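Participant: protein02.csv is reproduced in full below (CSV, C-alpha atoms).
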chain,number,residue,atom,x,y,z
J,90,MET,CA,236.2,92.3,118.8
J,91,ARG,CA,235.5,95.8,117.5
J,92,THR,CA,233.6,98.2,119.7
J,93,ILE,CA,230.9,100.4,118.1
J,94,GLU,CA,230.1,103.6,120.0
J,95,VAL,CA,226.4,103.9,119.2
J,96,PHE,CA,225.9,107.5,120.4
J,97,GLN,CA,228.9,108.7,118.3
J,98,LEU,CA,227.2,107.3,115.1
J,99,LEU,CA,223.6,108.2,115.8
J,100,GLN,CA,224.0,111.4,117.8
J,101,ARG,CA,220.7,110.9,119.7
J,102,LYS,CA,219.9,109.7,123.2
J,103,VAL,CA,216.6,107.9,122.6
J,104,LEU,CA,216.8,105.1,120.0
J,105,VAL,CA,213.4,104.4,118.5
J,106,THR,CA,213.2,103.4,114.9
J,107,ARG,CA,214.5,100.5,112.8
J,108,GLU,CA,215.8,103.1,110.3
J,109,SER,CA,218.0,104.6,113.0
J,110,ALA,CA,219.5,101.2,113.7
J,111,SER,CA,220.4,100.8,110.1
J,112,ILE,CA,223.2,103.4,110.6
J,113,VAL,CA,225.3,100.8,112.4
J,114,ARG,CA,224.8,98.0,109.9
J,115,ASP,CA,228.1,98.3,108.0
J,116,ALA,CA,230.1,98.4,111.3
J,117,ILE,CA,228.3,95.3,112.5
J,118,ASP,CA,228.8,93.5,109.2
J,119,SER,CA,232.5,94.1,109.1
J,120,SER,CA,233.1,93.2,112.8
J,121,VAL,CA,231.2,90.0,112.7
J,122,LYS,CA,232.9,89.0,109.5
J,123,SER,CA,236.4,89.7,110.8
J,124,ASP,CA,236.1,89.0,114.5
J,125,GLY,CA,233.1,86.7,114.9
J,126,GLY,CA,231.4,89.1,117.1
J,127,VAL,CA,230.8,92.8,118.0
J,128,ASN,CA,230.6,95.1,121.0
J,129,LEU,CA,228.1,97.8,121.0
J,130,ASP,CA,228.7,100.6,123.5
J,131,PHE,CA,225.6,102.5,124.5
J,132,THR,CA,227.3,105.1,126.6
J,133,GLY,CA,225.4,108.4,126.2
J,134,ILE,CA,222.2,106.6,125.3
J,135,ASP,CA,219.2,107.1,127.6
J,136,ALA,CA,216.6,104.7,126.2
J,137,MET,CA,216.0,102.3,123.4
J,138,THR,CA,212.9,100.5,122.1
J,139,PRO,CA,212.3,96.8,121.4
J,140,SER,CA,212.0,97.7,117.7
J,141,PHE,CA,215.5,99.2,117.7
J,142,VAL,CA,217.0,96.2,119.5
J,143,ASP,CA,215.2,93.8,117.2
J,144,GLU,CA,216.7,95.5,114.2
J,145,ILE,CA,220.2,95.4,115.6
J,146,ILE,CA,219.9,91.7,116.4
J,147,GLY,CA,218.4,91.1,112.9
J,148,MET,CA,221.5,92.7,111.5
J,149,ILE,CA,223.7,90.4,113.5
J,150,ASP,CA,221.7,87.4,112.2
J,151,ASP,CA,222.3,88.7,108.6
J,152,ALA,CA,226.0,89.3,109.3
J,153,ARG,CA,226.4,85.8,110.8
J,154,ALA,CA,224.7,84.1,107.9
J,155,ALA,CA,226.8,86.1,105.4
J,156,SER,CA,230.0,85.2,107.2
J,157,ASP,CA,229.4,81.4,107.3
J,158,ARG,CA,229.9,81.4,111.1
J,159,ARG,CA,227.6,79.2,113.1
J,160,GLU,CA,227.8,81.4,116.2
J,161,VAL,CA,228.6,85.0,117.0
J,162,ARG,CA,229.1,86.7,120.3
J,163,VAL,CA,227.6,90.1,120.9
J,164,VAL,CA,228.0,92.4,123.9
J,165,PHE,CA,225.9,95.5,124.6
J,166,MET,CA,227.8,97.7,127.1
J,167,HIS,CA,226.5,100.5,129.2
J,168,THR,CA,222.9,99.7,128.3
J,169,PRO,CA,220.4,102.3,129.4
J,170,THR,CA,217.8,99.8,130.5
J,171,SER,CA,217.6,96.4,132.1
J,172,LEU,CA,217.3,93.2,130.1
J,173,SER,CA,213.5,92.8,130.7
J,174,THR,CA,211.1,90.2,129.3
J,175,LYS,CA,210.4,92.2,126.2
J,176,PHE,CA,214.0,92.2,125.2
J,177,LEU,CA,214.4,88.5,126.0
J,178,ALA,CA,211.4,87.8,123.8
J,179,ILE,CA,213.3,89.5,120.9
J,180,GLY,CA,216.3,87.4,121.6
J,181,LYS,CA,214.3,84.2,121.5
J,182,ARG,CA,212.9,85.0,118.1
J,183,HIS,CA,216.4,85.4,116.8
J,184,ARG,CA,217.8,82.2,118.4
J,185,THR,CA,219.9,84.5,120.6
J,186,THR,CA,220.7,83.6,124.2
J,187,MET,CA,220.8,86.8,126.3
J,188,SER,CA,222.1,87.4,129.8
J,189,GLU,CA,222.7,90.5,131.9
J,190,SER,CA,225.4,91.5,134.3
J,191,GLY,CA,225.3,95.0,135.6
J,192,SER,CA,224.8,97.3,132.5
J,193,VAL,CA,226.2,94.7,130.2
J,194,TRP,CA,224.1,92.3,128.0
J,195,GLU,CA,225.9,89.3,126.6
J,196,MET,CA,224.4,87.5,123.7
J,197,THR,CA,225.2,84.4,121.6
J,198,ASN,CA,223.6,84.3,118.2
J,199,VAL,CA,223.3,80.9,116.7
J,200,GLY,CA,222.4,79.9,113.2
J,201,ALA,CA,219.8,77.3,112.3
L,61,MET,CA,171.7,121.2,110.7
L,62,LEU,CA,171.5,118.7,113.5
L,63,GLY,CA,173.2,119.8,116.7
L,64,MET,CA,175.1,117.4,118.9
L,65,GLN,CA,176.3,118.1,122.4
L,66,ILE,CA,178.6,116.0,124.5
L,67,GLN,CA,178.7,116.9,128.1
L,68,ALA,CA,181.8,116.0,130.1
L,69,PRO,CA,181.3,114.9,133.7
L,70,THR,CA,182.7,116.9,136.6
L,71,ARG,CA,185.4,114.3,137.0
L,72,PHE,CA,186.6,113.2,133.6
L,73,VAL,CA,189.1,110.4,133.6
L,74,HIS,CA,188.6,108.8,130.2
L,75,ALA,CA,186.0,108.6,127.5
L,76,GLY,CA,184.2,105.7,129.2
L,77,ASP,CA,183.0,108.4,131.8
L,78,LEU,CA,180.9,110.1,129.1
L,79,ASP,CA,177.1,109.7,128.7
L,80,PRO,CA,176.7,107.0,126.0
L,81,LYS,CA,173.6,108.7,124.7
L,82,SER,CA,175.5,111.7,123.6
L,83,ALA,CA,179.0,110.4,122.9
L,84,SER,CA,178.4,107.2,120.9
L,85,GLU,CA,178.3,108.7,117.5
L,86,ASP,CA,181.4,107.8,115.5
L,87,PRO,CA,183.0,110.8,113.9
L,88,ARG,CA,185.0,108.6,111.5
L,89,ARG,CA,181.7,107.8,109.7
L,90,PRO,CA,181.3,109.8,106.5
L,91,ASN,CA,177.7,110.8,107.3
L,92,PHE,CA,178.8,112.5,110.5
L,93,SER,CA,179.4,115.7,108.5
L,94,ASP,CA,175.8,117.0,108.7
L,95,ARG,CA,176.1,117.8,112.4
L,96,SER,CA,177.4,120.6,114.5
L,97,LEU,CA,179.2,119.5,117.6
L,98,ASP,CA,179.8,121.0,121.1
L,99,ILE,CA,182.2,119.3,123.4
L,100,ASP,CA,181.1,120.8,126.7
L,101,LEU,CA,183.7,120.9,129.4
L,102,ARG,CA,182.2,123.8,131.3
L,103,ASP,CA,181.3,121.7,134.4
L,104,CYS,CA,184.6,119.9,134.4
L,105,GLU,CA,186.5,120.2,137.7
L,106,PHE,CA,189.1,117.4,137.1
L,107,ILE,CA,190.4,116.0,133.8
L,108,GLN,CA,193.1,113.4,133.1
L,109,PRO,CA,195.2,113.0,129.9
L,110,ALA,CA,193.2,110.1,128.6
L,111,ALA,CA,190.1,112.3,128.6
L,112,VAL,CA,192.0,115.2,127.1
L,113,LEU,CA,193.2,113.1,124.2
L,114,TRP,CA,189.6,111.9,123.6
L,115,CYS,CA,188.6,115.6,123.2
L,116,VAL,CA,191.4,116.1,120.7
L,117,THR,CA,190.7,113.0,118.7
L,118,TYR,CA,187.0,113.4,118.6
L,119,ALA,CA,187.1,117.1,117.7
L,120,LEU,CA,189.8,116.7,115.0
L,121,LEU,CA,187.9,113.9,113.4
L,122,ALA,CA,184.7,115.9,113.5
L,123,ALA,CA,186.4,119.0,112.1
L,124,GLN,CA,187.8,116.7,109.3
L,125,ARG,CA,184.2,116.0,108.4
L,126,SER,CA,183.5,119.7,108.0
L,127,THR,CA,181.4,119.6,111.1
L,128,THR,CA,181.1,123.0,112.9
L,129,CYS,CA,182.8,122.1,116.1
L,130,ARG,CA,183.2,124.0,119.4
L,131,LEU,CA,185.0,123.1,122.6
L,132,LEU,CA,183.3,124.8,125.6
L,133,VAL,CA,186.0,125.7,128.1
L,134,PRO,CA,185.8,124.7,131.8
L,135,GLU,CA,184.4,127.4,134.1
L,136,ASN,CA,187.0,126.2,136.7
L,137,LEU,CA,189.9,128.5,135.9
L,138,GLY,CA,192.5,126.1,137.2
L,139,VAL,CA,191.3,123.4,134.9
L,140,ALA,CA,191.1,125.8,132.0
L,141,ILE,CA,194.6,127.1,132.6
L,142,TYR,CA,195.9,123.5,132.8
L,143,LEU,CA,194.2,122.7,129.4
L,144,LYS,CA,195.7,125.8,127.9
L,145,SER,CA,199.2,124.9,129.2
L,146,ILE,CA,199.1,121.5,127.5
L,147,ASP,CA,198.1,123.2,124.2
L,148,LEU,CA,194.6,121.7,124.0
L,149,PHE,CA,193.1,124.9,122.9
L,150,LYS,CA,195.9,125.8,120.5
L,151,ILE,CA,195.8,122.4,118.6
L,152,LEU,CA,192.0,122.6,118.3
L,153,GLN,CA,192.0,126.2,117.1
L,154,GLU,CA,194.7,125.5,114.6
L,155,ASN,CA,192.4,122.8,113.1
L,156,GLY,CA,189.2,124.8,112.8
L,157,VAL,CA,187.6,124.0,116.2
L,158,GLU,CA,186.2,127.0,117.9
L,159,VAL,CA,187.5,127.6,121.5
L,160,ASP,CA,186.7,130.8,123.4
L,161,ASP,CA,189.6,130.9,125.9
L,162,ARG,CA,189.4,134.6,126.7
L,163,GLY,CA,190.8,135.4,130.1
L,164,VAL,CA,192.6,132.0,130.5
L,165,GLY,CA,196.2,132.7,131.2
L,166,GLY,CA,199.1,130.4,130.4
L,167,ARG,CA,201.7,128.6,132.4
L,168,PRO,CA,204.7,126.5,131.4
L,169,ALA,CA,203.8,123.5,129.2
L,170,GLY,CA,205.4,120.7,131.3
L,171,ILE,CA,207.3,117.9,129.7
L,172,LEU,CA,205.5,117.4,126.4
L,173,PRO,CA,202.3,119.4,125.5
L,174,ILE,CA,199.8,117.8,123.2
L,175,THR,CA,201.9,117.1,120.0
L,176,ARG,CA,200.6,115.8,116.7
L,177,PHE,CA,202.7,113.4,114.6
L,178,SER,CA,202.3,110.9,111.8
L,179,THR,CA,205.8,109.5,110.9
L,180,GLU,CA,208.4,107.3,112.6
L,181,SER,CA,211.0,110.0,112.3
L,182,GLU,CA,208.8,112.5,114.0
L,183,VAL,CA,208.3,110.0,116.9
L,184,GLU,CA,212.0,109.7,117.3
L,185,LYS,CA,212.5,113.4,117.3
L,186,ILE,CA,209.7,114.0,119.8
L,187,ALA,CA,210.9,111.3,122.1
L,188,ASN,CA,214.4,112.8,122.1
L,189,GLU,CA,213.0,116.3,122.8
L,190,ALA,CA,210.9,114.9,125.6
L,191,ARG,CA,213.9,113.2,127.1
L,192,ASP,CA,215.8,116.5,127.1
L,193,ARG,CA,212.9,118.3,128.7
L,194,LEU,CA,212.7,115.7,131.4
L,195,THR,CA,216.3,116.4,132.3
L,196,THR,CA,215.9,120.1,132.1
L,197,ALA,CA,212.7,120.0,134.3
L,198,GLY,CA,214.4,117.7,136.8
L,199,VAL,CA,211.1,116.5,138.2
L,200,GLY,CA,210.4,113.1,139.7
L,201,ALA,CA,212.8,110.3,139.9
L,202,ALA,CA,215.5,110.7,137.3
L,203,ASN,CA,215.9,106.9,136.9
L,204,LEU,CA,212.4,106.8,135.4
L,205,TYR,CA,213.2,109.2,132.6
L,206,SER,CA,214.3,106.3,130.3
L,207,VAL,CA,211.1,104.3,131.0
L,208,VAL,CA,209.0,107.4,130.3
L,209,ALA,CA,210.8,108.0,127.0
L,210,GLU,CA,210.6,104.3,126.0
L,211,VAL,CA,206.9,103.9,126.8
L,212,PHE,CA,206.0,107.1,124.9
L,213,ALA,CA,208.1,106.1,121.9
L,214,GLU,CA,206.5,102.6,121.8
L,215,LEU,CA,203.0,103.9,122.0
L,216,ALA,CA,203.6,106.6,119.4
L,217,MET,CA,205.3,104.1,117.0
L,218,ASN,CA,202.3,101.7,117.4
L,219,ALA,CA,200.0,104.6,116.4
L,220,VAL,CA,202.1,105.6,113.4
L,221,GLN,CA,202.6,102.0,112.2
L,222,HIS,CA,199.2,100.4,112.7
L,223,ALA,CA,196.4,103.0,113.1
L,224,HIS,CA,195.9,104.3,109.5
L,225,SER,CA,194.5,107.4,111.1
L,226,GLU,CA,193.4,110.3,108.9
L,227,ILE,CA,194.2,112.8,111.6
L,228,GLY,CA,197.6,111.2,112.5
L,229,ALA,CA,198.2,110.7,116.2
L,230,VAL,CA,198.6,112.9,119.2
L,231,GLY,CA,200.5,112.4,122.4
L,232,LEU,CA,201.6,114.1,125.6
L,233,ILE,CA,203.8,113.5,128.6
L,234,GLN,CA,203.0,115.2,131.9
L,235,PHE,CA,204.3,115.2,135.4
L,236,TYR,CA,201.7,115.5,138.2
L,237,GLN,CA,202.0,116.2,141.9
L,238,SER,CA,199.0,115.6,144.2
L,239,ASP,CA,198.2,114.4,147.7
L,240,ALA,CA,198.5,110.8,146.3
L,241,GLY,CA,202.1,111.4,145.2
L,242,GLU,CA,204.0,112.2,142.1
L,243,ARG,CA,203.6,110.5,138.7
L,244,PHE,CA,204.4,110.7,135.1
L,245,VAL,CA,201.7,110.1,132.5
L,246,CYS,CA,202.3,109.3,128.9
L,247,ALA,CA,199.3,109.1,126.6
L,248,VAL,CA,198.9,108.6,122.9
L,249,ALA,CA,195.7,108.5,120.8
L,250,ASP,CA,194.8,108.2,117.2
L,251,GLY,CA,191.6,108.4,115.1
L,252,GLY,CA,192.4,105.2,113.2
L,253,ILE,CA,191.0,101.8,112.6
L,254,GLY,CA,191.3,100.5,116.1
L,255,ILE,CA,193.1,97.5,117.5
L,256,ARG,CA,190.5,94.9,116.4
L,257,ARG,CA,190.6,95.9,112.8
L,258,SER,CA,194.4,96.1,112.9
L,259,LEU,CA,194.7,92.6,114.2
L,260,GLU,CA,192.1,91.3,111.8
L,261,SER,CA,194.4,92.1,108.9
L,262,ASN,CA,196.4,89.1,110.1
L,263,GLU,CA,194.3,86.1,109.0
L,264,ASP,CA,195.6,84.0,111.8
L,265,LEU,CA,194.2,86.3,114.4
L,266,ARG,CA,190.8,87.0,112.8
L,267,GLY,CA,189.0,84.3,114.8
L,268,ARG,CA,190.5,85.5,118.1
L,269,ALA,CA,190.1,89.3,117.8
L,270,THR,CA,186.3,88.9,117.7
L,271,TYR,CA,185.5,91.9,119.8
L,272,ASP,CA,187.2,95.2,120.7
L,273,TRP,CA,187.8,93.9,124.2
L,274,THR,CA,189.3,90.5,123.2
L,275,ALA,CA,191.4,92.3,120.6
L,276,ILE,CA,192.9,94.6,123.3
L,277,GLU,CA,193.7,91.5,125.5
L,278,LEU,CA,195.3,89.8,122.5
L,279,ALA,CA,197.4,92.8,121.6
L,280,LEU,CA,199.0,92.8,125.0
L,281,GLU,CA,200.3,89.2,124.4
L,282,GLU,CA,203.8,88.6,123.2
L,283,GLY,CA,204.3,88.4,119.4
L,284,ILE,CA,200.8,89.5,118.4
L,285,SER,CA,200.7,91.8,115.4
L,286,GLY,CA,198.3,92.6,112.6
L,287,THR,CA,201.3,92.5,110.2
L,288,GLY,CA,201.8,88.8,110.6
L,289,SER,CA,205.6,89.4,110.8
L,290,SER,CA,207.5,87.3,113.2
L,291,ARG,CA,209.6,90.4,113.9
L,292,ARG,CA,206.7,92.4,115.2
L,293,GLY,CA,204.3,92.4,118.2
L,294,ILE,CA,206.6,93.4,121.0
L,295,GLY,CA,205.5,97.0,121.4
L,296,LEU,CA,202.3,96.9,123.4
L,297,PHE,CA,203.4,93.7,125.1
L,298,GLY,CA,206.5,95.5,126.3
L,299,VAL,CA,204.5,98.5,127.5
L,300,ALA,CA,202.1,96.2,129.4
L,301,GLU,CA,205.2,94.5,131.0
L,302,ASP,CA,206.6,97.9,132.0
L,303,MET,CA,203.3,98.9,133.5
L,304,ALA,CA,203.0,95.7,135.5
L,305,MET,CA,205.2,97.1,138.3
L,306,PRO,CA,203.5,98.2,141.5
L,307,GLY,CA,201.5,101.4,141.3
L,308,ARG,CA,201.8,101.8,137.6
L,309,GLN,CA,198.5,102.1,135.7
L,310,LEU,CA,197.5,101.4,132.1
L,311,ILE,CA,194.4,102.4,130.2
L,312,VAL,CA,193.7,101.1,126.7
L,313,HIS,CA,190.5,102.2,125.0
L,314,SER,CA,189.9,101.1,121.4
L,315,GLY,CA,186.4,101.1,119.9
L,316,ILE,CA,184.1,99.8,122.6
L,317,GLY,CA,186.9,97.8,124.4
L,318,LEU,CA,188.3,99.2,127.5
L,319,LEU,CA,191.1,97.9,129.7
L,320,ARG,CA,192.4,99.3,133.0
L,321,THR,CA,195.2,97.7,134.9
L,322,ILE,CA,197.0,98.7,138.1
L,323,GLY,CA,200.4,97.1,138.7
L,324,GLY,CA,199.5,94.6,136.0
L,325,THR,CA,196.4,93.3,137.7
L,326,GLY,CA,192.9,93.7,136.2
L,327,SER,CA,194.0,92.5,132.8
L,328,GLU,CA,190.5,91.6,131.6
L,329,ALA,CA,189.2,94.2,129.2
L,330,THR,CA,185.5,95.1,129.3
L,331,ARG,CA,182.8,96.5,127.0
L,332,SER,CA,182.7,100.3,127.2
L,333,SER,CA,179.4,102.1,126.8
L,334,VAL,CA,181.3,104.8,124.8
L,335,ARG,CA,183.3,104.1,121.7
L,336,PHE,CA,186.7,105.6,121.3
L,337,PRO,CA,187.0,106.5,117.6
L,338,GLY,CA,190.5,104.9,117.2
L,339,THR,CA,192.8,103.9,120.0
L,340,LEU,CA,194.0,105.5,123.2
L,341,VAL,CA,196.7,104.2,125.5
L,342,SER,CA,197.6,106.0,128.7
L,343,ALA,CA,200.4,104.9,131.0
L,344,SER,CA,200.8,106.3,134.5
L,345,ILE,CA,204.1,105.8,136.4
L,346,PRO,CA,204.5,106.8,140.0
L,347,THR,CA,207.8,108.2,141.0
Spit out the file's structure as structure tokens when you get a sec.
Facilitator:
Amino acid sequence: MRTIEVFQLLQRKVLVTRESASIVRDAIDSSVKSDGGVNLDFTGIDAMTPSFVDEIIGMIDDARAASDRREVRVVFMHTPTSLSTKFLAIGKRHRTTMSESGSVWEMTNVGA
Amino acid sequence: MLGMQIQAPTRFVHAGDLDPKSASEDPRRPNFSDRSLDIDLRDCEFIQPAAVLWCVTYALLAAQRSTTCRLLVPENLGVAIYLKSIDLFKILQENGVEVDDRGVGGRPAGILPITRFSTESEVEKIANEARDRLTTAGVGAANLYSVVAEVFAELAMNAVQHAHSEIGAVGLIQFYQSDAGERFVCAVADGGIGIRRSLESNEDLRGRATYDWTAIELALEEGISGTGSSRRGIGLFGVAEDMAMPGRQLIVHSGIGLLRTIGGTGSEATRSSVRFPGTLVSASIPT
């Protein structure tokens, strides 16, 4: 799976808006289409909001639907924050199972 | 011209501490404009960010109504210097509020002085600047810097997206040291429609957001949003979750609803005798 280095693309440490998230859309699309999943590396990122994460998972939803895959695997590496209830709530809305091991979040996004 | 004087108490934590007889007028009302206003902090010996942001919000709204508005500076020089350091006097003076701060010296502004914003891109820029200043200042526990930045960003985004405030929003982040310990405080306020009216724009919530206090409680639940979108309604829920850890405190004051929690307990909002003309949220995080 392709690894997207988020800080290299966004050049900011605190990720807040949905608009910021849109910068990684093309990279997510092509990785999901070709590899059935994507790694997002958050090295250099200090904080991210639920809105930002929701937008990213929404993009993964869209990319999965466009690729005709039933399931895609997503890994967030070197996350700046723990996988707390607010992020789990986002995953639930997107039919995405989320788990955490160290600073790695693993997600499986499943279509309807 | 009718004169109006709001006298702050000696210990001013939030707007609910004000005398309801003097502070209940709503400066968002169009007919507020035929008054002159004094916000009197002269006797104030102690003031917290939630109270400071009430001063800003109330004064900016009043000034917007062409009201002749003055802030009377605390006689306690330490309190006056603190308020100057967080740019209270500057932001008010820049917006037509009279502040006589002669003889009040300055000191470094801390993490984020009172900052006004109205767009999402401004919020992201300010959150990143605040995060850099936390690192530069090196105060408190470094592992909390991310939480502080996240909480500030969420509160600020809520204000920008949902408040419909004619004065935009204001926020600050400060680090405090006292005998009780060290803590970060993030506070954001707006002069907008308030949580109840925001939730009422979602038809499904209209029957549940009956009062300001029930609307505040509702807004802290997962997935509750005035937009009706299934992709919204995580922001305030997430902040409340972050503030549920031991020692962390949350104040939400919107209209006449007021909620104070400590470590997640006390999650029943009450009726406040004083109306906040918009919404204020203050989060306090011990280090």
Participant: Against chain L, which residues of chain J fall within 8 Å? For each one I want the closest pair of atoms and the distance in Å (one decimal), counting only C-alpha atoms, rows by chain and increasing residue number, as JSON lines.
Facilitator:
{"residue": "J:Arg101", "atom": "CA", "partner": "L:Asn188", "partner_atom": "CA", "distance": 7.0}
{"residue": "J:Lys102", "atom": "CA", "partner": "L:Asn188", "partner_atom": "CA", "distance": 6.4}
{"residue": "J:Val103", "atom": "CA", "partner": "L:Asn188", "partner_atom": "CA", "distance": 5.4}
{"residue": "J:Leu104", "atom": "CA", "partner": "L:Glu184", "partner_atom": "CA", "distance": 7.2}
{"residue": "J:Val105", "atom": "CA", "partner": "L:Glu184", "partner_atom": "CA", "distance": 5.6}
{"residue": "J:Thr106", "atom": "CA", "partner": "L:Glu180", "partner_atom": "CA", "distance": 6.6}
{"residue": "J:Asp135", "atom": "CA", "partner": "L:Ser206", "partner_atom": "CA", "distance": 5.7}
{"residue": "J:Ala136", "atom": "CA", "partner": "L:Ser206", "partner_atom": "CA", "distance": 5.0}
{"residue": "J:Met137", "atom": "CA", "partner": "L:Glu210", "partner_atom": "CA", "distance": 6.3}
{"residue": "J:Thr138", "atom": "CA", "partner": "L:Glu210", "partner_atom": "CA", "distance": 5.9}
{"residue": "J:Pro139", "atom": "CA", "partner": "L:Ile294", "partner_atom": "CA", "distance": 6.6}
{"residue": "J:Ser140", "atom": "CA", "partner": "L:Gly295", "partner_atom": "CA", "distance": 7.5}
{"residue": "J:Asp143", "atom": "CA", "partner": "L:Arg291", "partner_atom": "CA", "distance": 7.3}
{"residue": "J:Pro169", "atom": "CA", "partner": "L:Ser206", "partner_atom": "CA", "distance": 7.3}
{"residue": "J:Thr170", "atom": "CA", "partner": "L:Ser206", "partner_atom": "CA", "distance": 7.4}
{"residue": "J:Thr174", "atom": "CA", "partner": "L:Glu301", "partner_atom": "CA", "distance": 7.5}
{"residue": "J:Lys175", "atom": "CA", "partner": "L:Gly298", "partner_atom": "CA", "distance": 5.1}
{"residue": "J:Ala178", "atom": "CA", "partner": "L:Glu282", "partner_atom": "CA", "distance": 7.7}
{"residue": "J:Ile179", "atom": "CA", "partner": "L:Ile294", "partner_atom": "CA", "distance": 7.8}
{"residue": "J:Arg182", "atom": "CA", "partner": "L:Arg291", "partner_atom": "CA", "distance": 7.6}
Participant: Hey, what's within 12 Å of J:Ile93 if we count all atoms listed in the file and toss same-chain stuff fewer than 3 positions away? As a list in words, please?
Facilitator: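 Near neighbours after the sequence-gap exclusion: Met90, Phe96, Gln97, Leu98, Leu99, Ile112, Val113, Arg114, Asp115, Ala116, Ile117, Asp118, Ser119, Ser120, Val121, Gly126, Val127, Asn128, Leu129, Asp130, Phe131, Thr132, Val163, Val164, Phe165, Met166 and His167 of chain J.
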Participant: Between atom CA of L:Ile174 and atom CA of L:Val139, measure the distance and give it in Å to one decimal.
Facilitator: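 For atom CA of L:Ile174 relative to atom CA of L:Val139, the distance reads 15.5 Å.
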Participant: Give me the residues near J:Gly180 as a PDB file with C-alpha atoms, keeping the file's coordinate frame, where near means some atom within 10 Å (using all atoms listed in the file) and where sequence neighbours in that chain fewer than 2 positions away do not count.
Facilitator:
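Dumped to result.pdb:
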ATOM      1  CA  VAL J 142     217.000  96.200 119.500  1.00  0.00           C
ATOM      2  CA  ASP J 143     215.200  93.800 117.200  1.00  0.00           C
ATOM      3  CA  ILE J 146     219.900  91.700 116.400  1.00  0.00           C
ATOM      4  CA  GLY J 147     218.400  91.100 112.900  1.00  0.00           C
ATOM      5  CA  THR J 174     211.100  90.200 129.300  1.00  0.00           C
ATOM      6  CA  LYS J 175     210.400  92.200 126.200  1.00  0.00           C
ATOM      7  CA  PHE J 176     214.000  92.200 125.200  1.00  0.00           C
ATOM      8  CA  LEU J 177     214.400  88.500 126.000  1.00  0.00           C
ATOM      9  CA  ALA J 178     211.400  87.800 123.800  1.00  0.00           C
ATOM     10  CA  ARG J 182     212.900  85.000 118.100  1.00  0.00           C
ATOM     11  CA  HIS J 183     216.400  85.400 116.800  1.00  0.00           C
ATOM     12  CA  ARG J 184     217.800  82.200 118.400  1.00  0.00           C
ATOM     13  CA  THR J 185     219.900  84.500 120.600  1.00  0.00           C
ATOM     14  CA  THR J 186     220.700  83.600 124.200  1.00  0.00           C
ATOM     15  CA  MET J 187     220.800  86.800 126.300  1.00  0.00           C
ATOM     16  CA  MET J 196     224.400  87.500 123.700  1.00  0.00           C
ATOM     17  CA  THR J 197     225.200  84.400 121.600  1.00  0.00           C
ATOM     18  CA  ASN J 198     223.600  84.300 118.200  1.00  0.00           C
TER      19      ASN J 198
END
Participant: To one decimal place in Å, what is the distance between atom CA of L:Gly267 and atom CA of L:Ala223?
Facilitator: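 Going from atom CA of L:Gly267 over to atom CA of L:Ala223 covers 20.2 Å.
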Participant: Between atom CA of L:Arg125 and atom CA of L:Gly251, what is the distance, to one decimal in Å?
Facilitator: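 Rounded to one decimal, the two atoms are 12.5 Å apart.
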Participant: For L:Pro306, which of L:Pro109, L:Pro346, L:Gly138, L:Gly76 is the closest residue, counting all atoms listed in the file?
Facilitator: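 Using all atoms listed in the file, L:Pro306 sits closest to L:Pro346.
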